[in-house]
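S.K.: The structure file coords-v4.cif (mmCIF, C-alpha atoms) is provided below.
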```cif
data_run
loop_
_atom_site.label_atom_id
_atom_site.label_comp_id
_atom_site.auth_asym_id
_atom_site.auth_seq_id
_atom_site.Cartn_x
_atom_site.Cartn_y
_atom_site.Cartn_z
CA MET R 1 19.03 109.60 100.12
CA ILE R 2 20.90 108.62 103.27
CA LYS R 3 21.99 111.51 105.44
CA LEU R 4 25.42 111.02 107.10
CA ALA R 5 25.45 111.66 110.82
CA VAL R 6 28.97 113.16 110.65
CA PRO R 7 30.25 115.13 107.63
CA VAL R 8 33.01 113.30 105.70
CA TRP R 9 35.44 116.22 106.00
CA ARG R 10 35.20 116.05 109.78
CA CYS R 11 36.05 112.34 109.73
CA PHE R 12 39.01 113.03 107.45
CA ARG R 13 40.29 115.82 109.70
CA ALA R 14 39.98 113.60 112.75
CA ALA R 15 41.92 110.84 110.99
CA VAL R 16 44.69 113.29 110.04
CA ALA R 17 44.86 114.48 113.64
CA VAL R 18 45.23 110.92 114.90
CA VAL R 19 48.00 110.18 112.39
CA SER R 20 49.78 113.40 113.36
CA LEU R 21 49.64 112.47 117.03
CA VAL R 22 51.09 109.03 116.27
CA LEU R 23 53.92 110.54 114.22
CA LEU R 24 54.69 113.06 116.96
CA ALA R 25 54.71 110.31 119.54
CA ASN R 26 57.08 108.20 117.42
CA THR R 27 59.39 111.19 116.84
CA ALA R 28 59.42 112.03 120.54
CA SER R 29 60.15 108.38 121.32
CA ALA R 30 63.06 108.33 118.82
CA GLN R 31 64.44 111.55 120.30
CA SER R 32 64.11 110.13 123.76
CA ASP R 33 65.88 106.90 122.71
CA TRP R 34 69.02 108.55 121.31
CA GLN R 35 69.17 111.04 124.18
CA LYS R 36 68.95 108.26 126.74
CA GLU R 37 71.65 106.29 124.93
CA TRP R 38 73.86 109.38 124.65
CA GLU R 39 73.51 110.29 128.33
CA LYS R 40 74.23 106.72 129.33
CA THR R 41 77.35 106.64 127.10
CA LEU R 42 78.52 110.04 128.36
CA ALA R 43 78.16 108.97 132.01
CA ALA R 44 80.14 105.78 131.30
CA ALA R 45 82.78 107.81 129.43
CA LYS R 46 83.28 110.12 132.41
CA LYS R 47 83.67 107.06 134.60
CA GLU R 48 86.37 105.73 132.24
CA GLY R 49 87.94 109.19 132.47
CA GLN R 50 90.25 108.88 129.46
CA VAL R 51 90.43 108.30 125.73
CA ASN R 52 93.58 107.26 123.82
CA ILE R 53 93.69 108.71 120.32
CA TYR R 54 96.31 107.84 117.71
CA ILE R 55 96.07 110.73 115.30
CA TYR R 56 97.87 111.97 112.21
CA ARG R 57 98.10 115.67 111.44
CA TYR R 58 94.96 117.00 113.17
CA GLU R 59 95.96 116.67 116.83
CA GLY R 60 95.52 120.46 117.19
CA LEU R 61 91.75 120.11 117.49
CA LEU R 62 92.02 117.84 120.53
CA GLN R 63 92.20 120.93 122.72
CA ASP R 64 88.66 121.84 121.59
CA PHE R 65 87.42 118.42 122.71
CA ARG R 66 89.19 118.83 126.05
CA ARG R 67 87.36 122.14 126.59
CA ASP R 68 83.96 120.58 125.80
CA TYR R 69 84.54 117.42 127.86
CA PRO R 70 86.89 118.31 130.73
CA GLY R 71 85.97 115.07 132.53
CA ILE R 72 87.63 112.98 129.79
CA ASN R 73 91.42 113.13 129.68
CA VAL R 74 92.86 112.91 126.17
CA VAL R 75 96.07 110.97 125.63
CA SER R 76 97.32 111.33 122.06
CA VAL R 77 99.94 109.54 119.98
CA THR R 78 101.02 111.23 116.75
CA GLY R 79 103.07 110.26 113.73
CA ARG R 80 102.79 109.10 110.12
CA GLY R 81 99.97 106.72 109.37
CA ASN R 82 101.98 103.59 108.61
CA GLU R 83 104.16 104.19 111.68
CA MET R 84 101.15 104.44 114.00
CA THR R 85 99.21 101.52 112.55
CA ASN R 86 102.30 99.28 112.70
CA ARG R 87 102.81 100.39 116.30
CA ILE R 88 99.19 99.54 117.18
CA MET R 89 99.53 96.06 115.70
CA ALA R 90 102.86 95.52 117.49
CA GLU R 91 101.24 96.55 120.79
CA ARG R 92 98.42 94.12 120.20
CA ARG R 93 100.76 91.26 119.42
CA ALA R 94 102.36 91.98 122.80
CA GLY R 95 98.93 91.76 124.45
CA LYS R 96 98.63 95.53 124.97
CA PHE R 97 95.35 97.06 123.82
CA ILE R 98 96.03 100.77 124.19
CA ALA R 99 94.43 102.67 121.29
CA ASP R 100 90.73 103.61 121.42
CA VAL R 101 90.46 105.62 118.20
CA TYR R 102 92.66 105.92 115.13
CA SER R 103 92.51 108.96 112.84
CA GLY R 104 94.75 108.96 109.81
CA GLY R 105 95.13 107.92 106.20
CA THR R 106 92.61 105.62 104.58
CA ASN R 107 95.31 103.34 103.18
CA SER R 108 97.00 102.65 106.51
CA LEU R 109 93.61 102.07 108.11
CA TYR R 110 92.47 99.67 105.40
CA ASN R 111 95.67 97.74 104.76
CA THR R 112 96.83 97.38 108.37
CA LEU R 113 93.99 97.81 110.87
CA TYR R 114 91.02 96.65 108.78
CA LYS R 115 92.85 93.69 107.25
CA GLY R 116 94.35 92.95 110.66
CA LYS R 117 90.81 92.71 112.11
CA ALA R 118 91.61 95.35 114.72
CA LEU R 119 88.49 97.48 114.19
CA ASP R 120 84.95 97.52 115.53
CA PRO R 121 82.14 98.74 113.25
CA LEU R 122 82.02 102.52 113.60
CA LYS R 123 78.52 102.98 112.20
CA PRO R 124 76.70 101.73 115.38
CA ALA R 125 78.77 104.20 117.45
CA LEU R 126 77.17 107.21 115.72
CA MET R 127 74.44 108.62 117.97
CA LEU R 128 74.00 112.37 117.58
CA PRO R 129 71.25 113.15 115.00
CA GLU R 130 73.40 115.85 113.39
CA VAL R 131 76.05 113.17 112.75
CA THR R 132 73.75 110.37 111.60
CA ASP R 133 71.81 112.68 109.23
CA THR R 134 73.44 111.92 105.86
CA SER R 135 71.92 115.06 104.26
CA LYS R 136 74.59 117.04 106.13
CA TRP R 137 77.36 115.24 104.24
CA TYR R 138 78.77 115.48 100.71
CA GLY R 139 76.89 113.28 98.25
CA ASN R 140 74.10 112.79 100.80
CA GLU R 141 75.99 109.86 102.29
CA HIS R 142 78.50 108.76 104.86
CA ARG R 143 81.58 107.70 102.93
CA TYR R 144 83.10 104.48 104.21
CA ALA R 145 86.31 103.24 102.63
CA ASP R 146 85.92 99.54 103.45
CA PRO R 147 83.96 96.94 101.43
CA GLU R 148 81.58 96.32 104.34
CA ASN R 149 80.69 100.01 104.48
CA LYS R 150 80.91 100.37 108.25
CA TYR R 151 84.50 100.42 109.57
CA ILE R 152 86.49 103.27 107.96
CA PHE R 153 84.72 106.64 108.00
CA ALA R 154 86.21 109.25 105.63
CA PHE R 155 85.53 112.74 107.01
CA ILE R 156 87.67 114.73 104.56
CA GLY R 157 87.10 115.23 100.84
CA SER R 158 90.04 117.29 99.63
CA PRO R 159 90.67 117.97 95.94
CA SER R 160 94.04 116.57 94.95
CA ASN R 161 96.75 118.07 92.78
CA ALA R 162 98.11 114.55 92.24
CA GLN R 163 101.14 115.57 94.34
CA LEU R 164 102.83 117.07 91.29
CA ALA R 165 104.90 120.20 91.88
CA TYR R 166 107.24 122.12 89.59
CA HIS R 167 110.02 124.73 89.58
CA THR R 168 108.42 127.94 88.30
CA ASN R 169 111.52 129.04 86.36
CA LEU R 170 112.02 125.70 84.61
CA VAL R 171 108.46 124.70 83.76
CA ASN R 172 105.62 126.49 81.99
CA PRO R 173 102.46 124.94 83.47
CA LYS R 174 100.42 126.06 80.46
CA GLU R 175 102.18 123.37 78.41
CA PHE R 176 100.53 120.69 80.55
CA LYS R 177 96.98 119.72 79.61
CA SER R 178 97.16 115.98 80.31
CA TYR R 179 99.09 113.49 82.43
CA GLN R 180 100.63 112.33 79.17
CA ASP R 181 102.51 115.65 79.06
CA VAL R 182 104.37 114.64 82.24
CA ILE R 183 105.97 111.70 80.39
CA ASN R 184 107.18 113.89 77.52
CA PRO R 185 110.82 112.85 76.83
CA LYS R 186 111.96 116.46 77.45
CA TRP R 187 111.44 115.87 81.20
CA LYS R 188 113.50 112.67 81.29
CA GLY R 189 116.09 112.85 84.09
CA LYS R 190 114.55 116.08 85.41
CA ILE R 191 112.06 114.55 87.84
CA ILE R 192 112.44 113.73 91.53
CA SER R 193 109.94 111.49 93.30
CA LEU R 194 109.03 109.42 96.30
CA ASP R 195 109.49 105.72 95.72
CA PRO R 196 106.10 104.45 94.39
CA ARG R 197 106.25 101.70 97.03
CA ASP R 198 106.01 104.41 99.72
CA THR R 199 102.54 104.70 101.29
CA GLY R 200 102.93 108.49 101.16
CA LEU R 201 101.78 108.36 97.54
CA GLY R 202 98.73 106.26 98.41
CA ALA R 203 95.77 108.31 97.14
CA THR R 204 97.69 109.46 94.06
CA MET R 205 98.62 105.88 93.18
CA GLN R 206 94.99 104.84 93.57
CA PHE R 207 93.93 107.60 91.17
CA TYR R 208 96.58 106.65 88.60
CA TYR R 209 95.91 102.92 88.82
CA TYR R 210 92.11 102.90 88.88
CA SER R 211 91.34 105.87 86.61
CA PRO R 212 90.27 104.46 83.22
CA GLU R 213 91.93 107.43 81.50
CA ILE R 214 95.34 106.99 83.17
CA GLY R 215 95.93 103.43 84.38
CA PRO R 216 98.89 101.09 84.97
CA GLU R 217 100.53 101.81 81.61
CA PHE R 218 101.06 105.47 82.54
CA MET R 219 102.60 104.35 85.85
CA ARG R 220 105.05 102.07 84.03
CA LYS R 221 106.08 104.87 81.65
CA PHE R 222 106.38 107.48 84.40
CA PHE R 223 108.04 105.61 87.27
CA GLY R 224 109.92 103.16 85.08
CA GLY R 225 110.84 105.16 82.01
CA MET R 226 111.62 108.76 82.99
CA ASP R 227 115.01 108.25 84.70
CA ILE R 228 113.55 109.55 87.95
CA THR R 229 115.69 110.26 91.02
CA TYR R 230 114.04 108.62 94.03
CA VAL R 231 114.31 110.13 97.53
CA LYS R 232 112.64 109.18 100.82
CA ASN R 233 112.84 112.56 102.57
CA PHE R 234 110.03 115.01 101.67
CA ARG R 235 111.97 118.10 102.72
CA GLN R 236 115.06 117.05 100.76
CA MET R 237 112.95 116.68 97.61
CA THR R 238 111.38 120.11 98.01
CA ASP R 239 114.76 121.72 98.72
CA TRP R 240 116.24 120.24 95.53
CA LEU R 241 113.19 121.30 93.52
CA ALA R 242 113.45 124.86 94.88
CA GLN R 243 117.19 124.94 94.07
CA GLY R 244 116.43 124.03 90.45
CA LYS R 245 118.21 120.67 90.56
CA PHE R 246 114.97 119.17 89.24
CA ALA R 247 112.07 120.59 87.22
CA ILE R 248 109.22 118.38 88.50
CA CYS R 249 108.54 116.65 91.80
CA MET R 250 106.17 113.80 92.55
CA GLY R 251 105.26 113.69 96.24
CA CYS R 252 106.71 117.01 97.51
CA LYS R 253 104.27 117.24 100.39
CA ASP R 254 105.56 120.60 101.62
CA SER R 255 105.59 122.33 98.23
CA MET R 256 102.97 124.87 99.34
CA ARG R 257 105.03 125.69 102.41
CA ALA R 258 107.98 126.39 100.13
CA LYS R 259 105.81 128.55 97.88
CA ASN R 260 104.50 130.51 100.86
CA GLN R 261 108.12 131.16 101.86
CA GLY R 262 108.70 132.81 98.47
CA LEU R 263 110.61 129.94 96.85
CA PRO R 264 110.13 129.25 93.08
CA VAL R 265 107.88 126.24 93.64
CA ASP R 266 104.22 125.64 92.83
CA ASP R 267 101.75 122.79 92.36
CA PHE R 268 100.31 121.91 88.96
CA ASP R 269 96.60 122.71 88.72
CA THR R 270 95.50 119.32 87.45
CA ASN R 271 91.79 120.11 87.83
CA ARG R 272 91.52 121.22 84.21
CA TRP R 273 93.70 118.50 82.75
CA LYS R 274 92.05 116.15 80.23
CA GLU R 275 91.74 113.25 82.69
CA GLY R 276 90.28 115.44 85.41
CA SER R 277 91.34 115.35 89.03
CA SER R 278 90.68 113.34 92.14
CA PHE R 279 89.62 113.99 95.67
CA SER R 280 90.54 111.90 98.63
CA ALA R 281 90.39 111.64 102.39
CA GLY R 282 94.09 112.44 102.67
CA GLY R 283 94.85 111.86 106.35
CA GLY R 284 91.17 112.20 107.18
CA SER R 285 89.58 108.87 108.04
CA LEU R 286 88.48 107.43 111.34
CA GLY R 287 88.42 103.98 112.90
CA LEU R 288 87.13 102.61 116.22
CA MET R 289 89.48 100.02 117.72
CA ASN R 290 88.07 96.74 118.96
CA GLN R 291 88.92 95.68 122.52
CA ALA R 292 89.37 99.40 123.23
CA PRO R 293 90.19 100.16 126.89
CA HIS R 294 87.80 103.16 126.92
CA PRO R 295 84.96 102.23 124.51
CA ASN R 296 82.44 104.80 125.78
CA ALA R 297 84.90 107.70 125.77
CA ALA R 298 85.84 106.64 122.24
CA LYS R 299 82.19 106.93 121.15
CA VAL R 300 81.87 110.37 122.74
CA PHE R 301 84.99 111.56 120.93
CA ILE R 302 83.87 110.15 117.57
CA ASN R 303 80.46 111.83 117.80
CA TRP R 304 82.01 115.14 118.81
CA PHE R 305 84.66 114.89 116.11
CA LEU R 306 82.09 114.26 113.35
CA SER R 307 79.68 116.87 114.67
CA ARG R 308 79.33 120.30 113.11
CA LYS R 309 81.44 121.79 115.89
CA GLY R 310 84.20 119.20 115.55
CA GLN R 311 84.43 119.53 111.78
CA ILE R 312 84.49 123.33 111.96
CA ALA R 313 87.41 122.99 114.39
CA LEU R 314 89.07 120.67 111.86
CA GLN R 315 88.76 123.21 109.03
CA ARG R 316 89.93 126.07 111.23
CA LEU R 317 93.21 124.44 112.19
CA GLY R 318 94.82 127.02 109.94
CA ASP R 319 97.10 124.70 107.94
CA VAL R 320 97.60 127.00 104.95
CA ASP R 321 99.88 124.46 103.30
CA ASP R 322 97.34 121.62 103.26
CA PRO R 323 93.90 122.81 104.41
CA ALA R 324 91.27 120.18 105.22
CA ASN R 325 87.91 120.27 103.44
CA SER R 326 85.37 118.46 105.59
CA ARG R 327 82.80 116.27 103.86
CA ARG R 328 80.19 118.02 105.98
CA ILE R 329 78.36 120.47 103.72
CA ASP R 330 76.42 122.28 106.45
CA ILE R 331 79.47 124.19 107.69
CA PRO R 332 81.10 127.35 106.28
CA LYS R 333 83.75 126.87 103.59
CA ASP R 334 84.86 130.49 103.30
CA ASP R 335 87.79 129.85 105.64
CA LEU R 336 89.28 127.53 102.98
CA PRO R 337 91.25 128.75 99.97
CA PRO R 338 89.36 128.19 96.67
CA ASP R 339 91.63 125.34 95.51
CA ALA R 340 90.87 123.41 98.72
CA ARG R 341 87.13 123.37 97.96
CA MET R 342 85.27 121.19 95.48
CA GLN R 343 85.00 123.26 92.30
CA PRO R 344 81.97 123.22 89.99
CA GLY R 345 82.63 121.88 86.51
CA VAL R 346 85.64 119.77 87.51
CA LYS R 347 85.64 116.03 86.77
CA TYR R 348 86.55 114.41 90.10
CA PHE R 349 87.51 110.79 90.68
CA ASP R 350 86.66 109.74 94.24
CA VAL R 351 89.48 107.41 95.28
CA VAL R 352 87.88 106.76 98.68
CA LYS R 353 85.26 104.40 97.24
CA PRO R 354 85.63 100.90 98.70
CA GLU R 355 86.34 99.32 95.32
CA TYR R 356 89.57 101.34 95.16
CA GLY R 357 90.69 100.54 98.69
CA ASP R 358 92.84 97.48 98.03
CA MET R 359 96.41 98.70 97.51
CA LYS R 360 97.89 95.24 96.91
CA PRO R 361 97.66 95.26 93.10
CA ILE R 362 99.07 98.79 93.10
CA PHE R 363 102.03 97.91 95.30
CA ASP R 364 102.61 94.73 93.31
CA LEU R 365 102.88 96.87 90.18
CA ALA R 366 105.15 99.37 92.01
CA LYS R 367 107.48 96.53 93.07
CA GLU R 368 107.56 95.22 89.52
CA ILE R 369 108.40 98.69 88.14
CA MET R 370 111.09 99.38 90.74
CA ALA R 371 112.69 95.97 90.23
CA GLY R 372 113.22 96.99 86.62
CA VAL R 373 114.54 100.42 87.66
CA GLU R 374 117.00 98.90 90.15
CA LYS R 375 118.25 96.47 87.49
CA LYS R 376 119.19 99.41 85.30
#
```
Now that the file is in, can you turn its structure into structure tokens?

M.R.:
Amino acid sequence: MIKLAVPVWRCFRAAVAVVSLVLLANTASAQSDWQKEWEKTLAAAKKEGQVNIYIYRYEGLLQDFRRDYPGINVVSVTGRGNEMTNRIMAERRAGKFIADVYSGGTNSLYNTLYKGKALDPLKPALMLPEVTDTSKWYGNEHRYADPENKYIFAFIGSPSNAQLAYHTNLVNPKEFKSYQDVINPKWKGKIISLDPRDTGLGATMQFYYYSPEIGPEFMRKFFGGMDITYVKNFRQMTDWLAQGKFAICMGCKDSMRAKNQGLPVDDFDTNRWKEGSSFSAGGGSLGLMNQAPHPNAAKVFINWFLSRKGQIALQRLGDVDDPANSRRIDIPKDDLPPDARMQPGVKYFDVVKPEYGDMKPIFDLAKEIMAGVEKK
């Protein structure tokens, strides 16, 4: 029998120790790499001294960024998504590259800036480990809304009521258990809506068009067959709904504001309807402009914005009429009303998936429907 000079267990323990040291060294090296890159980017950002952000709806949180990075001046441009993206493209055609970051609706980002090749990949700009760690995000993933999965980052995942509101004295919501109930002939001539060609209905139109349980045929029957009154002004629509001139509204974006003011208006709870509900990014997606005048400051802002601190600031904006539910799952949700959170047991259709991003077939259908309406 051969006697081993060194017990096997000691050899094994030594091997484990060596492997552990290698792993620790690699981890330390990785930490050192991102920290070096971050410090280098931050120093360059302070040298640039400014970041130009075109932002829809959530400009209130920019003051938090200013407090954290006083060396970077924030210049903001606000407005509706299609207005801002058209402005950016007009500026670029004139040879003016002004915007560094765009934050707004997924549809305007995809159909104008992405298709117009005005974006840089955002994924390589993510540096902070708490941002790059996908386990901190809903579905254990970063949700990108573009086919290449790297340009349009969706940071909001808000349950949708399909933008359907009603007059509480004219409609019994318990009668509605399906979208098919909305096209009941009894509601003919009693509906007011945004024009389906308006980008303000974007996420809802994606849900209707791409949902296998709803689809284009429902859209034809609803928009083309219900004798709908079409209006472009959100506030006008809500006012008429509250006055009882109409029973149902499609696209009354300030319906919750009217309800909170004590007016007889409410949103349908479509979560429990037969076809389920959807959730979308709303106005919550982010793009990094190419040929940005302040590329390093843009990266600093994006990392702060998608950090735990930035997304908490987003949720705490206090917009009771349309609260934002961040896709980060490692932050408190108790500051959100229950209907703004993802509910267990609800069948959700995620309209932010890249395969649903192309609005062209939807708008082609909307134009076809409205051509028929205008003929009548």

S.K.: Between CA of Leu42 (chain R) and CA of Phe65 (chain R), what distance in Å does the model show, to one decimal?

M.R.: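 It comes out at 13.5 Å.
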
S.K.: Would you list the contacts of Asp198 (chain R) as a ChimeraX atom specification, taking every protein, DNA or RNA residue within 12 Å and counting all atoms listed in the file, but skipping same-chain residues closer than 5 positions in sequence?

M.R.: /R:80-82,107-108,193,203-205,230-234,250-251,359,362-363,366-367,370

S.K.: Evaluated on this file, the PyMOL selection byres ((chain R and resi 256) around 12) picks out some residues - which ones are they, written as a PyMOL selection string?

M.R.: chain R and resi 161+163-166+235+238+242+251-255+257-268+319-323+339

S.K.: How would you write, as a ChimeraX atom specification, the residues chosen by the PyMOL selection byres ((chain R and resi 136) around 7) on this structure?

M.R.: /R:133-135,137,140,328-330

S.K.: Counting all atoms listed in the file, write as a PyMOL selection string all protein and nucleic acid residues lying at most 6 Å from (88.0, 102.0, 101.2) in the file's frame.

M.R.: chain R and resi 145-146+352-354+357

S.K.: Export C-alpha atoms of the chosen residues as a PDB file, in the coordinates of the input?

M.R.:
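Heads up, here's the output in again13.pdb:
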```
ATOM      1  CA  ALA R 145      86.310 103.240 102.630  1.00  0.00           C
ATOM      2  CA  ASP R 146      85.920  99.540 103.450  1.00  0.00           C
ATOM      3  CA  VAL R 352      87.880 106.760  98.680  1.00  0.00           C
ATOM      4  CA  LYS R 353      85.260 104.400  97.240  1.00  0.00           C
ATOM      5  CA  PRO R 354      85.630 100.900  98.700  1.00  0.00           C
ATOM      6  CA  GLY R 357      90.690 100.540  98.690  1.00  0.00           C
TER       7      GLY R 357
END
```

S.K.: Of the residues R:Arg272, R:Lys347, R:Gln50, R:Gln35, which is the one nearest to Lys174 (chain R), using all atoms listed in the file?

M.R.: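 Comparing R:Arg272, R:Lys347, R:Gln50, R:Gln35 against Lys174 (chain R), the winner is R:Arg272.
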
S.K.: Once the PyMOL selection byres ((chain R and resi 37) around 12) has been applied to the shown file, what residues remain in the selection, as a list in words?

M.R.: Ala30, Gln31, Ser32, Asp33, Trp34, Gln35, Lys36, Trp38, Glu39, Lys40, Thr41, Leu42, Ala43, Ala44, Pro124, Ala125, Leu126, Met127, Leu128, Asn296, Lys299 and Val300 of chain R

S.K.: What is the CA of Arg341 (chain R)-CA of Phe279 (chain R) distance in Å, reported with one decimal?

M.R.: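 Between CA of Arg341 (chain R) and CA of Phe279 (chain R) the gap is 10.0 Å.
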
S.K.: Between R:Glu83, R:Ala94, R:Cys249, R:Thr199, which one has atoms that come closest to Gln236 (chain R), using only C-alpha atoms?

M.R.: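 Among R:Glu83, R:Ala94, R:Cys249, R:Thr199, it is R:Cys249 that comes nearest to Gln236 (chain R).
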
S.K.: May I ask for the distance between CA of Val351 (chain R) and CA of Ser178 (chain R), given in Å to one decimal place?

M.R.: 18.9 Å

S.K.: Which one of R:Ile88, R:Gly95, R:Asp269, R:Pro147 sits closest to Gly116 (chain R) if you count only C-alpha atoms?

M.R.: R:Ile88

S.K.: I need the residue nearest Lys360 (chain R) from this list: R:Lys274, R:Ser211, R:Gln206, R:Ser158. Use only C-alpha atoms for the distance.

M.R.: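 So, comparing all the options, the nearest one is R:Gln206.
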